[in-house]
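entry.pdb follows (PDB, C-alpha atoms and all ligand atoms):
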ATOM      1  CA  ARG O  11      92.218  72.342 140.974  1.00  0.00           C
ATOM      2  CA  ALA O  12      93.872  72.523 137.551  1.00  0.00           C
ATOM      3  CA  GLN O  13      90.433  72.175 135.975  1.00  0.00           C
ATOM      4  CA  VAL O  14      89.067  75.098 137.979  1.00  0.00           C
ATOM      5  CA  ARG O  15      91.948  77.267 136.785  1.00  0.00           C
ATOM      6  CA  ARG O  16      91.330  76.298 133.161  1.00  0.00           C
ATOM      7  CA  LEU O  17      87.637  77.173 133.465  1.00  0.00           C
ATOM      8  CA  THR O  18      88.541  80.523 134.980  1.00  0.00           C
ATOM      9  CA  ALA O  19      90.865  81.293 132.095  1.00  0.00           C
ATOM     10  CA  VAL O  20      88.106  80.462 129.603  1.00  0.00           C
ATOM     11  CA  ASN O  21      85.657  82.708 131.450  1.00  0.00           C
ATOM     12  CA  ILE O  22      88.093  85.627 131.409  1.00  0.00           C
ATOM     13  CA  ASP O  23      88.594  85.215 127.649  1.00  0.00           C
ATOM     14  CA  GLU O  24      84.817  85.169 127.219  1.00  0.00           C
ATOM     15  CA  LEU O  25      84.475  88.294 129.345  1.00  0.00           C
ATOM     16  CA  TYR O  26      87.137  90.043 127.251  1.00  0.00           C
ATOM     17  CA  GLN O  27      85.361  88.979 124.046  1.00  0.00           C
ATOM     18  CA  THR O  28      82.049  90.304 125.380  1.00  0.00           C
ATOM     19  CA  ILE O  29      83.530  93.696 126.261  1.00  0.00           C
ATOM     20  CA  ILE O  30      85.108  94.018 122.793  1.00  0.00           C
ATOM     21  CA  LEU O  31      81.910  92.995 120.966  1.00  0.00           C
ATOM     22  CA  ASP O  32      79.738  95.309 123.092  1.00  0.00           C
ATOM     23  CA  HIS O  33      81.920  98.309 122.219  1.00  0.00           C
ATOM     24  CA  TYR O  34      82.124  97.255 118.560  1.00  0.00           C
ATOM     25  CA  ARG O  35      78.317  97.011 118.259  1.00  0.00           C
ATOM     26  CA  GLU O  36      77.693 100.282 120.091  1.00  0.00           C
ATOM     27  CA  LYS O  37      80.694 102.582 119.759  1.00  0.00           C
ATOM     28  CA  HIS O  38      80.874 105.246 122.462  1.00  0.00           C
ATOM     29  CA  HIS O  39      81.391 108.885 121.378  1.00  0.00           C
ATOM     30  CA  SER O  40      81.637 107.929 117.683  1.00  0.00           C
ATOM     31  CA  GLY O  41      81.035 110.393 114.851  1.00  0.00           C
ATOM     32  CA  LEU O  42      82.998 113.523 113.946  1.00  0.00           C
ATOM     33  CA  ARG O  43      82.070 116.671 115.886  1.00  0.00           C
ATOM     34  CA  ASP O  44      82.948 120.317 115.243  1.00  0.00           C
ATOM     35  CA  GLY O  45      84.903 122.626 117.544  1.00  0.00           C
ATOM     36  CA  TYR O  46      88.024 120.467 117.578  1.00  0.00           C
ATOM     37  CA  ASP O  47      91.646 121.606 117.964  1.00  0.00           C
ATOM     38  CA  ALA O  48      93.375 118.869 115.962  1.00  0.00           C
ATOM     39  CA  GLU O  49      92.391 116.155 113.507  1.00  0.00           C
ATOM     40  CA  VAL O  50      94.502 113.179 112.466  1.00  0.00           C
ATOM     41  CA  HIS O  51      94.037 110.267 110.077  1.00  0.00           C
ATOM     42  CA  HIS O  52      95.800 107.031 110.974  1.00  0.00           C
ATOM     43  CA  VAL O  53      95.822 103.735 109.104  1.00  0.00           C
ATOM     44  CA  ASN O  54      96.873 100.230 110.052  1.00  0.00           C
ATOM     45  CA  PRO O  55      97.908  98.697 106.719  1.00  0.00           C
ATOM     46  CA  SER O  56      98.473  95.196 108.138  1.00  0.00           C
ATOM     47  CA  CYS O  57      94.733  94.855 108.817  1.00  0.00           C
ATOM     48  CA  GLY O  58      93.154  97.605 106.703  1.00  0.00           C
ATOM     49  CA  ASP O  59      91.885  99.654 109.680  1.00  0.00           C
ATOM     50  CA  GLU O  60      91.399 103.399 109.173  1.00  0.00           C
ATOM     51  CA  LEU O  61      90.605 106.105 111.680  1.00  0.00           C
ATOM     52  CA  THR O  62      89.951 109.837 111.559  1.00  0.00           C
ATOM     53  CA  LEU O  63      90.099 111.275 115.070  1.00  0.00           C
ATOM     54  CA  ARG O  64      89.525 114.767 116.478  1.00  0.00           C
ATOM     55  CA  VAL O  65      90.544 116.151 119.859  1.00  0.00           C
ATOM     56  CA  HIS O  66      88.894 119.159 121.470  1.00  0.00           C
ATOM     57  CA  LEU O  67      90.809 120.670 124.385  1.00  0.00           C
ATOM     58  CA  ASP O  68      89.576 123.022 127.079  1.00  0.00           C
ATOM     59  CA  GLY O  69      92.836 124.238 128.616  1.00  0.00           C
ATOM     60  CA  ASP O  70      94.552 121.061 129.869  1.00  0.00           C
ATOM     61  CA  THR O  71      91.321 119.055 129.789  1.00  0.00           C
ATOM     62  CA  ILE O  72      90.226 116.791 126.952  1.00  0.00           C
ATOM     63  CA  ALA O  73      86.725 118.155 126.392  1.00  0.00           C
ATOM     64  CA  ASP O  74      85.904 115.733 123.558  1.00  0.00           C
ATOM     65  CA  ILE O  75      87.313 112.978 121.374  1.00  0.00           C
ATOM     66  CA  SER O  76      85.276 112.294 118.239  1.00  0.00           C
ATOM     67  CA  TYR O  77      86.118 109.799 115.504  1.00  0.00           C
ATOM     68  CA  LEU O  78      85.096 107.930 112.407  1.00  0.00           C
ATOM     69  CA  GLY O  79      86.626 104.512 112.001  1.00  0.00           C
ATOM     70  CA  GLU O  80      86.508 101.592 109.632  1.00  0.00           C
ATOM     71  CA  GLY O  81      87.985  98.187 110.191  1.00  0.00           C
ATOM     72  CA  CYS O  82      88.094  95.211 112.505  1.00  0.00           C
ATOM     73  CA  SER O  83      86.261  94.837 115.805  1.00  0.00           C
ATOM     74  CA  ILE O  84      89.460  95.189 117.865  1.00  0.00           C
ATOM     75  CA  SER O  85      90.488  98.547 116.371  1.00  0.00           C
ATOM     76  CA  GLN O  86      86.960  99.949 116.654  1.00  0.00           C
ATOM     77  CA  ALA O  87      86.293  98.661 120.165  1.00  0.00           C
ATOM     78  CA  SER O  88      89.683  99.803 121.455  1.00  0.00           C
ATOM     79  CA  THR O  89      89.002 103.356 120.261  1.00  0.00           C
ATOM     80  CA  SER O  90      85.539 103.326 121.864  1.00  0.00           C
ATOM     81  CA  VAL O  91      86.923 102.122 125.221  1.00  0.00           C
ATOM     82  CA  MET O  92      89.678 104.741 125.060  1.00  0.00           C
ATOM     83  CA  THR O  93      87.220 107.638 124.688  1.00  0.00           C
ATOM     84  CA  ASP O  94      85.399 106.472 127.838  1.00  0.00           C
ATOM     85  CA  LEU O  95      88.685 106.532 129.737  1.00  0.00           C
ATOM     86  CA  LEU O  96      90.083 109.849 128.497  1.00  0.00           C
ATOM     87  CA  ILE O  97      87.261 112.346 127.851  1.00  0.00           C
ATOM     88  CA  GLY O  98      87.042 114.732 130.786  1.00  0.00           C
ATOM     89  CA  GLY O  99      90.564 113.950 131.970  1.00  0.00           C
ATOM     90  CA  THR O 100      93.762 115.941 131.527  1.00  0.00           C
ATOM     91  CA  THR O 101      96.079 115.669 128.521  1.00  0.00           C
ATOM     92  CA  ALA O 102      98.854 114.516 130.887  1.00  0.00           C
ATOM     93  CA  HIS O 103      96.632 111.671 132.112  1.00  0.00           C
ATOM     94  CA  ALA O 104      95.838 110.700 128.503  1.00  0.00           C
ATOM     95  CA  LEU O 105      99.498 110.567 127.480  1.00  0.00           C
ATOM     96  CA  GLU O 106     100.424 108.610 130.611  1.00  0.00           C
ATOM     97  CA  LEU O 107      97.647 106.077 130.012  1.00  0.00           C
ATOM     98  CA  HIS O 108      98.717 105.804 126.354  1.00  0.00           C
ATOM     99  CA  ASP O 109     102.216 104.821 127.492  1.00  0.00           C
ATOM    100  CA  LYS O 110     100.862 102.265 129.996  1.00  0.00           C
ATOM    101  CA  PHE O 111      98.518 100.765 127.391  1.00  0.00           C
ATOM    102  CA  LEU O 112     101.370 100.568 124.865  1.00  0.00           C
ATOM    103  CA  GLU O 113     103.573  98.856 127.464  1.00  0.00           C
ATOM    104  CA  MET O 114     100.829  96.314 128.236  1.00  0.00           C
ATOM    105  CA  MET O 115     100.190  95.606 124.537  1.00  0.00           C
ATOM    106  CA  GLN O 116     103.890  95.093 123.825  1.00  0.00           C
ATOM    107  CA  SER O 117     104.366  92.744 126.812  1.00  0.00           C
ATOM    108  CA  GLN O 118     102.999  89.685 124.943  1.00  0.00           C
ATOM    109  CA  GLY O 119     100.720  89.022 127.900  1.00  0.00           C
ATOM    110  CA  ARG O 120     103.413  89.319 130.586  1.00  0.00           C
ATOM    111  CA  ILE O 121     101.979  92.482 132.169  1.00  0.00           C
ATOM    112  CA  GLU O 122      98.784  91.898 134.152  1.00  0.00           C
ATOM    113  CA  PRO O 123      96.487  94.872 133.557  1.00  0.00           C
ATOM    114  CA  ASP O 124      95.287  96.940 136.517  1.00  0.00           C
ATOM    115  CA  GLU O 125      91.487  97.029 136.242  1.00  0.00           C
ATOM    116  CA  ASP O 126      91.236 100.227 138.326  1.00  0.00           C
ATOM    117  CA  VAL O 127      93.424 102.035 135.786  1.00  0.00           C
ATOM    118  CA  PHE O 128      92.244 100.452 132.552  1.00  0.00           C
ATOM    119  CA  GLU O 129      88.552  99.650 133.204  1.00  0.00           C
ATOM    120  CA  ASP O 130      87.197  98.056 129.963  1.00  0.00           C
ATOM    121  CA  ALA O 131      90.621  98.407 128.320  1.00  0.00           C
ATOM    122  CA  ILE O 132      91.726  95.312 130.304  1.00  0.00           C
ATOM    123  CA  ALA O 133      89.905  93.340 127.597  1.00  0.00           C
ATOM    124  CA  PHE O 134      92.800  94.018 125.236  1.00  0.00           C
ATOM    125  CA  ALA O 135      95.305  92.286 127.541  1.00  0.00           C
ATOM    126  CA  GLY O 136      94.239  89.070 125.781  1.00  0.00           C
ATOM    127  CA  VAL O 137      94.976  90.635 122.391  1.00  0.00           C
ATOM    128  CA  ALA O 138      98.568  91.327 123.517  1.00  0.00           C
ATOM    129  CA  LYS O 139      99.283  87.615 123.038  1.00  0.00           C
ATOM    130  CA  PHE O 140      98.595  87.951 119.288  1.00  0.00           C
ATOM    131  CA  PRO O 141     101.279  90.232 117.759  1.00  0.00           C
ATOM    132  CA  ALA O 142      99.351  90.610 114.478  1.00  0.00           C
ATOM    133  CA  ARG O 143      96.411  92.195 116.336  1.00  0.00           C
ATOM    134  CA  VAL O 144      98.407  94.491 118.627  1.00  0.00           C
ATOM    135  CA  THR O 145      98.577  97.217 115.952  1.00  0.00           C
ATOM    136  CA  CYS O 146      94.750  97.042 115.708  1.00  0.00           C
ATOM    137  CA  ALA O 147      94.343  97.691 119.446  1.00  0.00           C
ATOM    138  CA  LEU O 148      96.902 100.525 119.334  1.00  0.00           C
ATOM    139  CA  LEU O 149      95.442 102.433 116.346  1.00  0.00           C
ATOM    140  CA  GLY O 150      93.067 104.672 118.325  1.00  0.00           C
ATOM    141  CA  TRP O 151      95.602 105.311 121.077  1.00  0.00           C
ATOM    142  CA  SER O 152      98.348 106.310 118.608  1.00  0.00           C
ATOM    143  CA  ALA O 153      95.938 108.661 116.813  1.00  0.00           C
ATOM    144  CA  LEU O 154      94.860 110.168 120.134  1.00  0.00           C
ATOM    145  CA  ARG O 155      98.459 110.758 121.223  1.00  0.00           C
ATOM    146  CA  ASP O 156      99.270 112.378 117.868  1.00  0.00           C
ATOM    147  CA  ALA O 157      96.178 114.638 117.932  1.00  0.00           C
ATOM    148  CA  THR O 158      96.685 115.614 121.592  1.00  0.00           C
ATOM    149  CA  LEU O 159     100.291 116.670 120.973  1.00  0.00           C
ATOM    150  CA  GLN O 160      99.254 118.705 117.897  1.00  0.00           C
ATOM    151  CA  ALA O 161      96.408 120.373 119.817  1.00  0.00           C
ATOM    152  CA  THR O 162      98.699 121.163 122.773  1.00  0.00           C
ATOM    153  CA  VAL O 163     101.255 122.845 120.510  1.00  0.00           C
ATOM    154  CA  LYS O 164      98.454 124.957 119.013  1.00  0.00           C
ATOM    155  CA  GLU O 165      97.103 126.035 122.430  1.00  0.00           C
ATOM    156  CA  ASN O 166     100.487 127.211 123.730  1.00  0.00           C
TER     157      ASN O 166
HETATM  158 ZN    ZN X   1      92.440  95.466 112.731  1.00  0.00          ZN
END
Just dump the structure as structure tokens.
Amino acid sequence: RAQVRRLTAVNIDELYQTIILDHYREKHHSGLRDGYDAEVHHVNPSCGDELTLRVHLDGDTIADISYLGEGCSISQASTSVMTDLLIGGTTAHALELHDKFLEMMQSQGRIEPDEDVFEDAIAFAGVAKFPARVTCALLGWSALRDATLQATVKEN
């Protein structure tokens, strides 16, 4: 029984690794596109990750998130997964999901991610156990929050 549980844990780690590598190899929605409402540049000095991110709003809806990033696989993959989750949704949904993701990443693995809410972002639950990599996983989300708030101020 204990052996079965160990195998399961290994398989989940492998699944998480696969999701992260898939997004790193083929980043969704990457590149910088015109027609944006706000652009931010965020860096993660502890790892050397850099990200330029643009948000395009259509009323309360996030019409597009485009970005150009450099750095480790976790920072790049996390940004790619995030765009899948947030494009087409409302700004309120994006900010709420940002807070939930932040809470999960700061829980040191204590918060079990809800797959229905996070989809591929559950892969970063494993990263939460490694404090040095948490800032990598948060880079895209922090940039998105920053850009969304700037764009919202401009619209109103
Ligand atoms: Zn990194």
10 Å contact set for range 135-146 of chain O, all atoms listed in the file, chain neighbours under 5 positions out, as a ChimeraX atom specification
/O:22-23,26-27,53-60,81-89,111-123,151-152
Pick from O:Asp124, O:Glu80, O:Asp70, O:Glu49, whichever lies nearest to Thr101 in chain O using all atoms listed in the file:
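Distance minimum relative to Thr101 in chain O lands on O:Asp70.
As for CA of Val127 in chain O and CA of Thr158 in chain O, they are spaced 19.9 Å apart.
Minimum atom-to-atom distance to Tyr34 in chain O, evaluated using all atoms listed in the file, belongs to O:Val91 out of O:Leu107, O:Val91, O:Leu159, O:Leu96.
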Select, from O:Met92, O:Leu148, O:Ile97, O:Leu42, the residue with the minimum atom-to-atom distance to ligand ZN 1 (chain X), counting all atoms listed in the file.
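Under the stated criterion, the closest residue is O:Leu148.
Selection by the PyMOL selection byres (((chain O and resi 160) around 12) and not hetatm) on the present file picks out Tyr46, Asp47, Ala48, Glu49, Val50, Arg64, Val65, His66, Leu67, Thr101, Ala153, Leu154, Arg155, Asp156, Ala157, Thr158, Leu159, Ala161, Thr162, Val163, Lys164, Glu165 and Asn166 of chain O.
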